[in-house]
file entry28.txt (compact mmCIF, C-alpha atoms)
# COMPACT_ATOMS: atom_id res chain seq x y z
CA MET A 1 -24.47 6.28 2.24
CA LEU A 2 -25.00 9.05 -0.33
CA TYR A 3 -24.89 6.44 -3.09
CA TYR A 4 -28.00 4.73 -1.71
CA ILE A 5 -29.77 8.01 -1.00
CA PHE A 6 -29.38 9.20 -4.58
CA ARG A 7 -30.29 5.78 -5.93
CA PHE A 8 -33.57 6.18 -4.02
CA LEU A 9 -34.08 9.76 -5.23
CA GLU A 10 -33.50 8.71 -8.83
CA GLN A 11 -36.95 7.16 -9.03
CA PHE A 12 -38.42 10.63 -8.41
CA ASP A 13 -36.48 12.05 -11.38
CA ILE A 14 -34.29 14.26 -9.19
CA PRO A 15 -31.85 16.05 -11.55
CA GLY A 16 -28.30 14.70 -11.26
CA ALA A 17 -29.25 11.65 -9.20
CA HIS A 18 -28.21 9.33 -12.05
CA MET A 19 -24.63 10.61 -11.80
CA TRP A 20 -24.06 8.37 -8.79
CA HIS A 21 -24.11 5.35 -11.07
CA TYR A 22 -20.81 6.44 -12.62
CA ILE A 23 -17.64 5.18 -11.01
CA SER A 24 -15.62 8.10 -12.38
CA PHE A 25 -17.97 10.59 -10.68
CA ARG A 26 -17.88 8.91 -7.28
CA ALA A 27 -14.13 8.19 -7.49
CA LEU A 28 -13.23 11.80 -8.23
CA LEU A 29 -15.53 13.03 -5.48
CA ALA A 30 -13.77 10.64 -3.09
CA LEU A 31 -10.36 11.92 -4.20
CA ILE A 32 -11.29 15.58 -3.76
CA LEU A 33 -13.03 15.08 -0.42
CA SER A 34 -10.23 12.94 1.02
CA LEU A 35 -7.66 15.55 0.00
CA LEU A 36 -9.69 18.35 1.60
CA ILE A 37 -10.28 16.35 4.79
CA SER A 38 -6.60 15.47 5.16
CA ALA A 39 -5.61 19.11 4.63
CA TRP A 40 -8.28 20.52 6.98
CA PHE A 41 -8.16 17.83 9.65
CA GLY A 42 -4.38 17.56 9.37
CA GLU A 43 -3.82 21.15 10.47
CA ARG A 44 -6.03 20.74 13.52
CA PHE A 45 -4.55 17.36 14.39
CA ILE A 46 -1.00 18.77 14.29
CA LYS A 47 -1.97 21.65 16.59
CA PHE A 48 -3.64 19.19 18.97
CA MET A 49 -0.52 16.97 19.09
CA LYS A 50 1.83 19.93 19.58
CA ARG A 51 -0.23 21.32 22.46
CA ARG A 52 0.17 17.99 24.23
CA ASN A 53 3.80 17.55 23.16
CA ILE A 54 3.11 14.16 21.60
CA SER A 55 6.08 13.17 19.44
CA GLU A 56 7.94 9.97 18.59
CA THR A 57 10.72 9.42 21.11
CA GLN A 58 12.88 7.60 18.56
CA ARG A 59 13.13 10.74 16.47
CA ASP A 60 13.78 13.11 19.36
CA ALA A 61 17.52 12.48 19.20
CA SER A 62 17.63 12.45 15.40
CA ILE A 63 19.07 15.59 13.89
CA ASP A 64 19.06 16.08 10.15
CA PRO A 65 22.68 16.23 8.91
CA PHE A 66 21.79 19.41 7.04
CA GLY A 67 20.60 21.21 10.14
CA VAL A 68 16.85 20.64 10.39
CA GLN A 69 15.86 19.67 13.92
CA LYS A 70 13.50 16.69 14.05
CA LYS A 71 12.85 16.96 17.77
CA GLY A 72 9.28 17.71 18.80
CA VAL A 73 7.63 16.87 15.46
CA PRO A 74 4.30 15.13 16.18
CA THR A 75 3.74 11.56 15.05
CA MET A 76 0.73 9.21 14.56
CA GLY A 77 -0.16 11.08 11.36
CA GLY A 78 -1.65 7.85 10.07
CA ILE A 79 -4.81 8.87 11.94
CA ILE A 80 -5.17 11.73 9.43
CA ILE A 81 -4.84 9.28 6.55
CA MET A 82 -7.31 6.82 8.05
CA VAL A 83 -10.01 9.44 8.64
CA SER A 84 -9.43 10.93 5.18
CA ILE A 85 -9.99 7.51 3.57
CA LEU A 86 -12.91 6.24 5.62
CA VAL A 87 -15.15 9.32 5.51
CA PRO A 88 -15.34 9.57 1.67
CA ILE A 89 -15.75 5.79 1.38
CA LEU A 90 -18.65 5.75 3.83
CA LEU A 91 -20.26 8.57 1.86
CA PHE A 92 -19.61 7.51 -1.73
CA GLY A 93 -19.00 3.77 -1.66
CA ARG A 94 -21.40 0.85 -2.17
CA MET A 95 -21.13 -0.64 1.28
CA ARG A 96 -22.53 -4.02 0.23
CA ASN A 97 -19.52 -4.66 -1.99
CA ILE A 98 -17.37 -7.45 -0.51
CA TYR A 99 -14.15 -5.96 -1.88
CA LEU A 100 -14.86 -2.55 -0.36
CA ILE A 101 -15.68 -4.18 2.99
CA LEU A 102 -12.33 -6.01 2.91
CA MET A 103 -10.47 -2.77 2.22
CA ILE A 104 -12.22 -1.00 5.10
CA VAL A 105 -11.46 -3.88 7.49
CA THR A 106 -7.80 -3.85 6.37
CA THR A 107 -7.55 -0.09 6.90
CA VAL A 108 -9.01 -0.19 10.41
CA TRP A 109 -7.19 -3.41 11.44
CA LEU A 110 -3.67 -2.39 10.44
CA GLY A 111 -4.26 1.23 11.42
CA PHE A 112 -5.15 0.06 14.93
CA LEU A 113 -2.13 -2.27 15.00
CA GLY A 114 0.16 0.61 14.08
CA PHE A 115 -1.60 2.85 16.60
CA LEU A 116 -0.78 0.39 19.38
CA ASP A 117 2.87 0.44 18.32
CA ASP A 118 2.99 4.26 18.33
CA TYR A 119 1.08 4.45 21.61
CA ILE A 120 3.61 2.23 23.38
CA LYS A 121 6.52 4.26 21.99
CA ILE A 122 5.04 7.61 22.97
CA PHE A 123 3.09 7.09 26.16
CA LYS A 124 4.88 4.06 27.61
CA LYS A 125 8.28 5.53 26.67
CA ASN A 126 9.32 2.20 25.15
CA LYS A 127 11.39 2.79 22.01
CA GLU A 128 10.83 -0.79 20.86
CA GLY A 129 7.07 -0.25 20.61
CA LEU A 130 4.77 -3.21 20.14
CA LYS A 131 6.71 -6.47 20.32
CA GLY A 132 7.59 -7.83 16.91
CA LYS A 133 5.78 -11.11 17.46
CA TYR A 134 2.50 -9.33 18.19
CA LYS A 135 2.92 -7.12 15.16
CA ILE A 136 3.53 -10.13 12.94
CA VAL A 137 0.51 -11.91 14.42
CA GLY A 138 -1.64 -8.88 13.60
CA GLN A 139 -0.38 -8.79 10.01
CA LEU A 140 -0.79 -12.55 9.59
CA SER A 141 -4.33 -12.33 10.96
CA ILE A 142 -5.56 -9.75 8.45
CA GLY A 143 -3.89 -11.70 5.65
CA LEU A 144 -5.67 -14.84 6.83
CA ILE A 145 -9.02 -13.02 7.04
CA VAL A 146 -8.69 -11.60 3.53
CA GLY A 147 -7.62 -14.93 2.05
CA LEU A 148 -10.43 -16.88 3.71
CA VAL A 149 -13.10 -14.32 2.76
CA LEU A 150 -12.03 -14.36 -0.90
CA TRP A 151 -12.08 -18.15 -0.70
CA ALA A 152 -15.53 -18.43 0.92
CA SER A 153 -17.50 -15.41 -0.32
CA PRO A 154 -19.94 -16.15 -3.18
CA ASP A 155 -19.50 -12.55 -4.38
CA ALA A 156 -15.75 -12.90 -4.97
CA LYS A 157 -15.87 -14.34 -8.48
CA ILE A 158 -14.23 -13.56 -11.80
CA HIS A 159 -14.68 -14.25 -15.49
CA GLU A 160 -11.50 -16.05 -16.48
CA SER A 161 -11.86 -15.48 -20.21
CA VAL A 162 -13.27 -12.35 -21.76
CA LYS A 163 -13.06 -12.10 -25.54
CA ALA A 164 -13.88 -9.33 -27.98
CA GLU A 165 -15.14 -10.31 -31.43
CA ALA A 166 -15.37 -7.66 -34.11
CA GLY A 167 -18.86 -7.21 -35.53
CA SER A 168 -20.21 -5.15 -38.39
CA GLU A 169 -20.79 -2.07 -36.23
CA HIS A 170 -19.09 -2.70 -32.90
CA ALA A 171 -17.24 -5.32 -30.92
CA THR A 172 -19.20 -8.11 -29.29
CA ILE A 173 -18.03 -9.02 -25.82
CA LEU A 174 -18.21 -12.70 -24.89
CA LYS A 175 -17.54 -13.69 -21.31
CA SER A 176 -17.31 -16.97 -19.47
CA GLU A 177 -19.46 -17.90 -16.49
CA PRO A 178 -18.42 -16.28 -13.20
CA VAL A 179 -16.26 -18.70 -11.22
CA LYS A 180 -14.14 -18.90 -8.11
CA SER A 181 -10.65 -18.70 -9.52
CA LEU A 182 -7.15 -19.41 -8.28
CA LYS A 183 -5.52 -17.64 -11.19
CA THR A 184 -3.34 -14.58 -10.90
CA THR A 185 -1.59 -12.42 -13.48
CA LEU A 186 2.05 -13.01 -14.38
CA PRO A 187 4.02 -10.11 -15.88
CA PHE A 188 5.84 -10.48 -19.20
CA ILE A 189 4.34 -13.93 -19.91
CA LYS A 190 2.29 -14.62 -23.04
CA ASN A 191 -0.01 -17.09 -21.33
CA HIS A 192 0.04 -14.69 -18.45
CA ASN A 193 -2.04 -16.38 -15.75
CA LEU A 194 -0.63 -18.58 -13.01
CA ASP A 195 -3.06 -21.06 -11.48
CA TYR A 196 -2.30 -21.88 -7.84
CA SER A 197 -4.14 -25.20 -8.18
CA GLU A 198 -1.81 -26.19 -11.04
CA VAL A 199 1.18 -25.33 -8.85
CA MET A 200 -0.22 -27.86 -6.37
CA GLY A 201 -0.88 -30.41 -9.14
CA PHE A 202 1.16 -33.02 -7.31
CA MET A 203 -1.73 -33.24 -4.83
CA GLY A 204 -3.80 -35.04 -7.47
CA GLU A 205 -7.56 -34.82 -6.90
CA HIS A 206 -6.96 -32.53 -3.92
CA LYS A 207 -5.08 -29.94 -5.97
CA THR A 208 -7.94 -27.40 -5.90
CA ALA A 209 -8.20 -27.45 -2.11
CA ALA A 210 -4.41 -27.31 -1.84
CA GLY A 211 -4.43 -24.41 -4.30
CA TRP A 212 -6.76 -22.45 -2.03
CA VAL A 213 -4.48 -23.14 0.92
CA LEU A 214 -1.55 -21.85 -1.13
CA PHE A 215 -3.60 -18.77 -2.09
CA VAL A 216 -4.34 -17.99 1.56
CA ILE A 217 -0.65 -18.41 2.43
CA MET A 218 0.30 -16.12 -0.46
CA THR A 219 -2.20 -13.52 0.78
CA ILE A 220 -0.65 -13.62 4.24
CA LEU A 221 2.87 -13.26 2.81
CA VAL A 222 1.92 -10.39 0.50
CA VAL A 223 0.12 -8.35 3.16
CA THR A 224 2.93 -8.90 5.69
CA ALA A 225 5.74 -8.16 3.23
CA VAL A 226 4.23 -5.01 1.73
CA SER A 227 3.15 -3.54 5.09
CA ASN A 228 6.66 -4.13 6.50
CA GLY A 229 8.22 -2.67 3.35
CA ALA A 230 6.12 0.47 3.64
CA ASN A 231 7.03 0.71 7.33
CA LEU A 232 10.75 0.61 6.49
CA ASN A 233 10.27 3.13 3.67
CA ASP A 234 8.78 5.62 6.11
CA GLY A 235 12.11 7.04 7.20
CA MET A 236 12.29 10.37 5.39
CA ASP A 237 9.88 13.25 5.10
CA GLY A 238 7.32 12.54 2.38
CA MET A 239 8.99 9.31 1.28
CA CYS A 240 6.34 6.69 2.04
CA ALA A 241 3.36 8.96 1.34
CA GLY A 242 4.66 9.96 -2.10
CA ASN A 243 5.63 6.43 -3.13
CA SER A 244 2.31 5.04 -1.90
CA ALA A 245 0.29 7.63 -3.83
CA ILE A 246 2.12 6.70 -7.04
CA ILE A 247 1.57 2.99 -6.40
CA GLY A 248 -2.08 3.79 -5.71
CA VAL A 249 -2.47 5.36 -9.16
CA ALA A 250 -1.21 2.16 -10.81
CA LEU A 251 -3.50 -0.02 -8.68
CA GLY A 252 -6.44 2.24 -9.49
CA ILE A 253 -5.79 1.75 -13.21
CA PHE A 254 -5.59 -2.02 -12.75
CA ALA A 255 -8.82 -2.05 -10.73
CA TYR A 256 -10.64 0.03 -13.34
CA VAL A 257 -9.66 -2.03 -16.38
CA SER A 258 -10.36 -5.24 -14.45
CA SER A 259 -13.89 -4.05 -13.68
CA HIS A 260 -14.64 -2.84 -17.23
CA ILE A 261 -15.61 -5.70 -19.51
CA GLU A 262 -14.50 -3.99 -22.73
CA TYR A 263 -11.08 -3.01 -21.39
CA ALA A 264 -10.63 -6.45 -19.85
CA ALA A 265 -11.42 -8.00 -23.23
CA TYR A 266 -9.05 -5.67 -25.09
CA LEU A 267 -6.18 -6.28 -22.65
CA ASP A 268 -6.98 -10.01 -22.35
CA ILE A 269 -7.10 -9.93 -18.56
CA MET A 270 -9.53 -11.33 -16.01
CA TYR A 271 -12.84 -9.50 -15.71
CA ILE A 272 -13.68 -8.96 -12.02
CA PRO A 273 -17.24 -7.71 -11.46
CA GLY A 274 -17.51 -5.46 -8.43
CA SER A 275 -13.88 -4.40 -8.41
CA GLN A 276 -14.92 -0.95 -9.65
CA GLU A 277 -15.58 -0.03 -6.02
CA LEU A 278 -11.85 -0.41 -5.46
CA VAL A 279 -11.38 2.56 -7.79
CA VAL A 280 -13.42 4.70 -5.39
CA PHE A 281 -11.36 3.43 -2.45
CA ILE A 282 -8.02 3.92 -4.20
CA CYS A 283 -8.95 7.47 -5.23
CA ALA A 284 -9.74 8.23 -1.57
CA PHE A 285 -6.37 6.67 -0.70
CA ILE A 286 -4.52 8.82 -3.25
CA GLY A 287 -6.29 11.97 -2.07
CA ALA A 288 -5.47 11.18 1.55
CA MET A 289 -1.80 10.69 0.69
CA ALA A 290 -1.65 13.91 -1.32
CA GLY A 291 -3.28 15.87 1.49
CA PHE A 292 -0.98 14.30 4.06
CA LEU A 293 2.03 15.30 1.95
CA TRP A 294 0.97 18.92 2.43
CA TYR A 295 2.29 18.57 6.00
CA ASN A 296 4.67 15.62 5.66
CA ALA A 297 6.85 17.04 2.86
CA TYR A 298 10.32 18.18 3.93
CA PRO A 299 10.64 19.61 6.52
CA ALA A 300 7.84 17.52 7.98
CA GLN A 301 5.30 19.03 10.36
CA ILE A 302 4.09 15.55 11.28
CA PHE A 303 5.30 11.98 10.88
CA MET A 304 3.17 9.13 9.57
CA GLY A 305 4.19 6.72 12.31
CA ASP A 306 3.42 3.02 12.27
CA THR A 307 -0.26 3.96 12.36
CA GLY A 308 0.09 5.11 8.78
CA SER A 309 2.89 3.00 7.33
CA LEU A 310 1.53 -0.42 8.33
CA MET A 311 -1.94 0.57 7.17
CA THR A 312 -0.64 1.95 3.87
CA GLY A 313 1.30 -1.20 2.99
CA GLY A 314 -1.64 -3.40 3.95
CA ILE A 315 -4.00 -1.44 1.71
CA ILE A 316 -1.65 -1.85 -1.25
CA GLY A 317 -1.18 -5.58 -0.64
CA VAL A 318 -4.87 -6.41 -0.17
CA CYS A 319 -5.92 -4.37 -3.21
CA ALA A 320 -3.40 -6.24 -5.38
CA ILE A 321 -4.65 -9.59 -4.04
CA ILE A 322 -8.29 -8.74 -4.80
CA ILE A 323 -7.59 -7.82 -8.43
CA HIS A 324 -5.29 -10.84 -8.88
CA LYS A 325 -2.16 -8.74 -9.48
CA GLU A 326 -0.12 -9.71 -6.42
CA LEU A 327 2.75 -11.15 -8.48
CA MET A 328 3.25 -7.71 -10.04
CA LEU A 329 4.03 -6.16 -6.66
CA PRO A 330 7.78 -6.95 -6.77
CA ILE A 331 7.93 -4.55 -9.73
CA LEU A 332 5.32 -2.01 -8.63
CA CYS A 333 6.56 -1.91 -5.02
CA GLY A 334 10.20 -2.31 -6.00
CA ILE A 335 11.25 0.46 -3.61
CA PHE A 336 9.59 -1.31 -0.67
CA PHE A 337 11.21 -4.58 -1.74
CA VAL A 338 14.70 -3.07 -1.92
CA GLU A 339 14.24 -1.35 1.45
CA SER A 340 13.31 -4.65 3.09
CA LEU A 341 16.08 -6.54 1.30
CA SER A 342 18.72 -4.01 2.38
CA VAL A 343 17.73 -4.43 6.04
CA MET A 344 17.79 -8.24 5.81
CA VAL A 345 21.18 -8.26 4.07
CA GLN A 346 22.69 -5.71 6.46
CA THR A 347 21.41 -7.44 9.60
CA GLY A 348 22.17 -10.98 8.41
CA TYR A 349 25.71 -10.20 7.27
CA PHE A 350 26.52 -8.25 10.44
CA LYS A 351 25.36 -11.14 12.65
CA TYR A 352 27.32 -13.62 10.51
CA ARG A 353 30.58 -11.66 10.83
CA LYS A 354 29.96 -10.91 14.50
CA ARG A 355 29.99 -14.63 15.26
CA LYS A 356 33.53 -14.62 13.88
CA GLY A 357 34.50 -11.80 16.19
CA GLU A 358 34.32 -9.04 13.51
CA ARG A 359 32.08 -5.99 13.25
CA VAL A 360 31.51 -5.65 9.53
CA ARG A 361 28.54 -4.06 7.76
CA ILE A 362 27.80 -3.88 4.04
CA PHE A 363 26.03 -0.50 3.79
CA ARG A 364 26.73 2.70 5.64
CA ALA A 365 23.16 2.41 6.94
CA ALA A 366 19.96 0.48 6.32
CA PRO A 367 17.21 0.78 5.09
CA ILE A 368 18.90 1.77 1.88
CA HIS A 369 17.58 5.35 1.79
CA ASP A 370 19.61 6.11 4.93
CA ASN A 371 22.75 4.96 3.11
CA PHE A 372 22.56 8.05 0.89
CA ARG A 373 22.43 10.60 3.72
CA LYS A 374 24.61 9.07 6.44
CA LEU A 375 27.65 11.20 7.21
CA ASP A 376 31.05 9.70 8.04
CA SER A 377 30.87 11.33 11.46
CA GLN A 378 27.68 9.35 12.19
CA LEU A 379 29.19 5.93 11.44
CA ASP A 380 30.20 3.44 14.13
CA PRO A 381 34.00 3.86 14.47
CA THR A 382 34.31 0.26 15.74
CA SER A 383 32.80 -1.22 12.56
CA ARG A 384 34.13 -1.71 9.04
CA TYR A 385 31.88 -0.87 6.08
CA ILE A 386 32.28 -2.75 2.80
CA LEU A 387 30.50 -0.07 0.75
CA LYS A 388 31.70 2.89 2.80
CA GLY A 389 32.70 4.78 -0.34
CA TRP A 390 29.23 4.46 -1.93
CA PRO A 391 27.92 7.00 -2.54
CA GLN A 392 30.96 9.24 -2.71
CA ARG A 393 28.97 12.17 -1.34
CA GLN A 394 25.85 12.46 0.77
CA PHE A 395 22.57 13.90 -0.48
CA HIS A 396 19.94 16.14 1.00
CA GLU A 397 16.89 14.32 2.35
CA SER A 398 14.48 16.03 -0.05
CA LYS A 399 16.63 15.06 -3.06
CA ILE A 400 16.69 11.41 -1.99
CA THR A 401 12.91 11.44 -1.50
CA VAL A 402 12.16 12.93 -4.92
CA ARG A 403 14.53 10.51 -6.64
CA PHE A 404 12.80 7.60 -4.94
CA TRP A 405 9.47 9.01 -6.16
CA ILE A 406 10.83 9.17 -9.71
CA THR A 407 12.01 5.58 -9.43
CA THR A 408 8.54 4.50 -8.26
CA ILE A 409 6.94 6.35 -11.20
CA ILE A 410 9.18 4.40 -13.59
CA LEU A 411 8.35 1.11 -11.84
CA ALA A 412 4.62 1.93 -11.91
CA ALA A 413 4.75 2.69 -15.63
CA LEU A 414 6.68 -0.53 -16.27
CA THR A 415 4.10 -2.51 -14.27
CA ILE A 416 1.23 -1.04 -16.29
CA ILE A 417 2.82 -1.76 -19.66
CA THR A 418 3.35 -5.39 -18.68
CA LEU A 419 -0.32 -5.77 -19.68
CA LYS A 420 0.83 -5.32 -23.29
CA ILE A 421 4.38 -6.70 -23.13
CA ARG A 422 4.05 -10.50 -23.10
call {"tool": "encode", "arguments": {"input": "entry28.txt", "output": "structure tokens"}}
result
Amino acid sequence: MLYYIFRFLEQFDIPGAHMWHYISFRALLALILSLLISAWFGERFIKFMKRRNISETQRDASIDPFGVQKKGVPTMGGIIIMVSILVPILLFGRMRNIYLILMIVTTVWLGFLGFLDDYIKIFKKNKEGLKGKYKIVGQLSIGLIVGLVLWASPDAKIHESVKAEAGSEHATILKSEPVKSLKTTLPFIKNHNLDYSEVMGFMGEHKTAAGWVLFVIMTILVVTAVSNGANLNDGMDGMCAGNSAIIGVALGIFAYVSSHIEYAAYLDIMYIPGSQELVVFICAFIGAMAGFLWYNAYPAQIFMGDTGSLMTGGIIGVCAIIIHKELMLPILCGIFFVESLSVMVQTGYFKYRKRKGERVRIFRAAPIHDNFRKLDSQLDPTSRYILKGWPQRQFHESKITVRFWITTIILAALTIITLKIR
């Protein structure tokens, strides 16, 4: 909104109105405002939830092994994150941008889906929350919407080849015609683009249409996988919020260089006009996460809940899809991937051995972060644990969280340098 107001005022030579053209200016304003909103609104939201004794029933019985009582801590903190993202975007974003519209729809859609899950847990006293099949349908739906919009929208185009040629005084940037593209970036590969239509080459003259179908399927898988991974990662104070903020920084860098023709030429990556608005959105996302951490850091005054975790993962997945970097997510979101994998391995192996009449688990607990804090006294005495001796001692929750943050920083740095390592 403010963007268009100052664009109008610029014609009257209002001092400073031209600043709203600069992405860096609007992005930093979005970051600062989202941080302030999450800090200010967060305090009031926590007081509101405490007055009404609204807390997640699943955590009521959970006592920190080091003595911190989790009972009575409010949940649904994702509402704080959602408000802190949407307000700056509505003020500072270019609302006609198709990519920004998709990010807003994703935020509201998955935030509402998570809200339903939290609502059922809290007010309906059902610890299972929203049935898994409905949750999956909601995630599949937003993935389908995003994939189809990027397929059909005339504004979702890229320049596949951007080349810099050295001139006498400065570099000359040559770009191809804007096209609808099925290419995505591959890490560590010299010819680093994968074309979905080429993957479907066996379809002959229908390979382009089949490639778009594959792209939509990939979008659905990415959004579902990352949102579930973030949901599983949200099991310790500050864990998901800190990891997501770090991932957001990496995505913001990718969005910026993809939207800047000179940087895209230098790095030999796809130039995506319009993706600069994602930088504004991601900065609001980072600010919201940082402000939320003010209250969510150990010991947490509020939990993110599914309202926040599903929304957070969806935002990361859709942003990566838009800038054609979805195949880098296994590295960038390595923590989310390992969390999901640990649950699948633990559950699958336990069911396999149970059919043979044995109760055997691999880890002391899953997701994997719980494996590092589970005490022997909290284990099921009727089960055998293959990795019961790993780790040899248990760690404080805050230490586990910070070490996971450090791991995500390393993974984010590795993901960024893949642009040069080919």
call {"tool": "residues_near_point", "arguments": {"input": "entry28.txt", "point": "(15.6, -2.1, 2.2)", "cutoff": "9 Å", "atoms": "only C-alpha atoms", "output": "NGL selection string"}}
result
:A and (229 or 232-233 or 335-345 or 366-369)
call {"tool": "closest_atom_pairs", "arguments": {"input": "entry28.txt", "of": "range 259-311 of chain A", "to": "range 72-77 of chain A", "cutoff": "10 Å", "atoms": "all atoms listed in the file", "output": "JSON lines"}}
result
{"residue": "A:Phe292", "atom": "CA", "partner": "A:Gly77", "partner_atom": "CA", "distance": 8.0}
{"residue": "A:Tyr295", "atom": "CA", "partner": "A:Gly77", "partner_atom": "CA", "distance": 9.5}
{"residue": "A:Asn296", "atom": "CA", "partner": "A:Gly77", "partner_atom": "CA", "distance": 8.7}
{"residue": "A:Pro299", "atom": "CA", "partner": "A:Val73", "partner_atom": "CA", "distance": 9.8}
{"residue": "A:Ala300", "atom": "CA", "partner": "A:Val73", "partner_atom": "CA", "distance": 7.5}
{"residue": "A:Gln301", "atom": "CA", "partner": "A:Val73", "partner_atom": "CA", "distance": 6.0}
{"residue": "A:Ile302", "atom": "CA", "partner": "A:Pro74", "partner_atom": "CA", "distance": 4.9}
{"residue": "A:Phe303", "atom": "CA", "partner": "A:Thr75", "partner_atom": "CA", "distance": 4.5}
{"residue": "A:Met304", "atom": "CA", "partner": "A:Gly77", "partner_atom": "CA", "distance": 4.3}
{"residue": "A:Gly305", "atom": "CA", "partner": "A:Met76", "partner_atom": "CA", "distance": 4.8}
{"residue": "A:Asp306", "atom": "CA", "partner": "A:Met76", "partner_atom": "CA", "distance": 7.1}
{"residue": "A:Thr307", "atom": "CA", "partner": "A:Met76", "partner_atom": "CA", "distance": 5.8}
{"residue": "A:Gly308", "atom": "CA", "partner": "A:Gly77", "partner_atom": "CA", "distance": 6.5}
{"residue": "A:Ser309", "atom": "CA", "partner": "A:Gly77", "partner_atom": "CA", "distance": 9.5}
call {"tool": "closest_atom_pairs", "arguments": {"input": "entry28.txt", "of": "range 114-164 of chain A", "to": "range 173-184 of chain A", "cutoff": "12 Å", "atoms": "all atoms listed in the file", "output": "JSON lines"}}
result
{"residue": "A:Gly147", "atom": "CA", "partner": "A:Leu182", "partner_atom": "CA", "distance": 11.3}
{"residue": "A:Val149", "atom": "CA", "partner": "A:Lys180", "partner_atom": "CA", "distance": 11.8}
{"residue": "A:Leu150", "atom": "CA", "partner": "A:Lys180", "partner_atom": "CA", "distance": 8.8}
{"residue": "A:Trp151", "atom": "CA", "partner": "A:Lys180", "partner_atom": "CA", "distance": 7.7}
{"residue": "A:Ala152", "atom": "CA", "partner": "A:Lys180", "partner_atom": "CA", "distance": 9.1}
{"residue": "A:Ser153", "atom": "CA", "partner": "A:Lys180", "partner_atom": "CA", "distance": 9.2}
{"residue": "A:Pro154", "atom": "CA", "partner": "A:Lys180", "partner_atom": "CA", "distance": 8.1}
{"residue": "A:Asp155", "atom": "CA", "partner": "A:Lys180", "partner_atom": "CA", "distance": 9.1}
{"residue": "A:Ala156", "atom": "CA", "partner": "A:Lys180", "partner_atom": "CA", "distance": 7.0}
{"residue": "A:Lys157", "atom": "CA", "partner": "A:Lys180", "partner_atom": "CA", "distance": 4.9}
{"residue": "A:Ile158", "atom": "CA", "partner": "A:Pro178", "partner_atom": "CA", "distance": 5.2}
{"residue": "A:His159", "atom": "CA", "partner": "A:Pro178", "partner_atom": "CA", "distance": 4.8}
{"residue": "A:Glu160", "atom": "CA", "partner": "A:Ser176", "partner_atom": "CA", "distance": 6.6}
{"residue": "A:Ser161", "atom": "CA", "partner": "A:Ser176", "partner_atom": "CA", "distance": 5.7}
{"residue": "A:Val162", "atom": "CA", "partner": "A:Lys175", "partner_atom": "CA", "distance": 4.5}
{"residue": "A:Lys163", "atom": "CA", "partner": "A:Leu174", "partner_atom": "CA", "distance": 5.2}
{"residue": "A:Ala164", "atom": "CA", "partner": "A:Ile173", "partner_atom": "CA", "distance": 4.7}
call {"tool": "closest_residue", "arguments": {"input": "entry28.txt", "among": "A:Met19, A:Leu9, A:Ile286, A:Leu251", "to": "Ile416 in chain A", "atoms": "all atoms listed in the file"}}
result
A:Leu251
call {"tool": "residues_around", "arguments": {"input": "entry28.txt", "residues": "Arg393 in chain A", "least_positions_apart": "4", "cutoff": "12 Å", "atoms": "all atoms listed in the file", "output": "list in words"}}
result
Arg364, Asn371, Phe372, Arg373, Lys374, Leu375, Asp376, Lys388 and Gly389 of chain A
call {"tool": "axis_aligned_box", "arguments": {"input": "entry28.txt", "around": "range 75-88 of chain A", "padding_each_side": "8 Å", "output": "AutoDock Vina command-line options"}}
result
--center_x -5.8 --center_y 9.0 --center_z 8.4 --size_x 35.1 --size_y 21.5 --size_z 29.4
call {"tool": "closest_residue", "arguments": {"input": "entry28.txt", "among": "A:Phe254, A:Phe281, A:Tyr271, A:Trp390", "to": "Ala412 in chain A", "atoms": "only C-alpha atoms"}}
result
A:Phe254
call {"tool": "residues_around", "arguments": {"input": "entry28.txt", "residues": "Leu148 in chain A", "least_positions_apart": "5", "cutoff": "12 Å", "atoms": "only C-alpha atoms", "output": "PyMOL selection string"}}
result
chain A and resi 102+141-143+153-154+156+212-220+322
call {"tool": "atom_distance", "arguments": {"input": "entry28.txt", "atom1": "CA of Leu310 in chain A", "atom2": "CA of Arg361 in chain A"}}
result
27.3 Å
call {"tool": "closest_residue", "arguments": {"input": "entry28.txt", "among": "A:Asn97, A:Cys283, A:Tyr266, A:Gly78", "to": "Gly42 in chain A", "atoms": "only C-alpha atoms"}}
result
A:Gly78
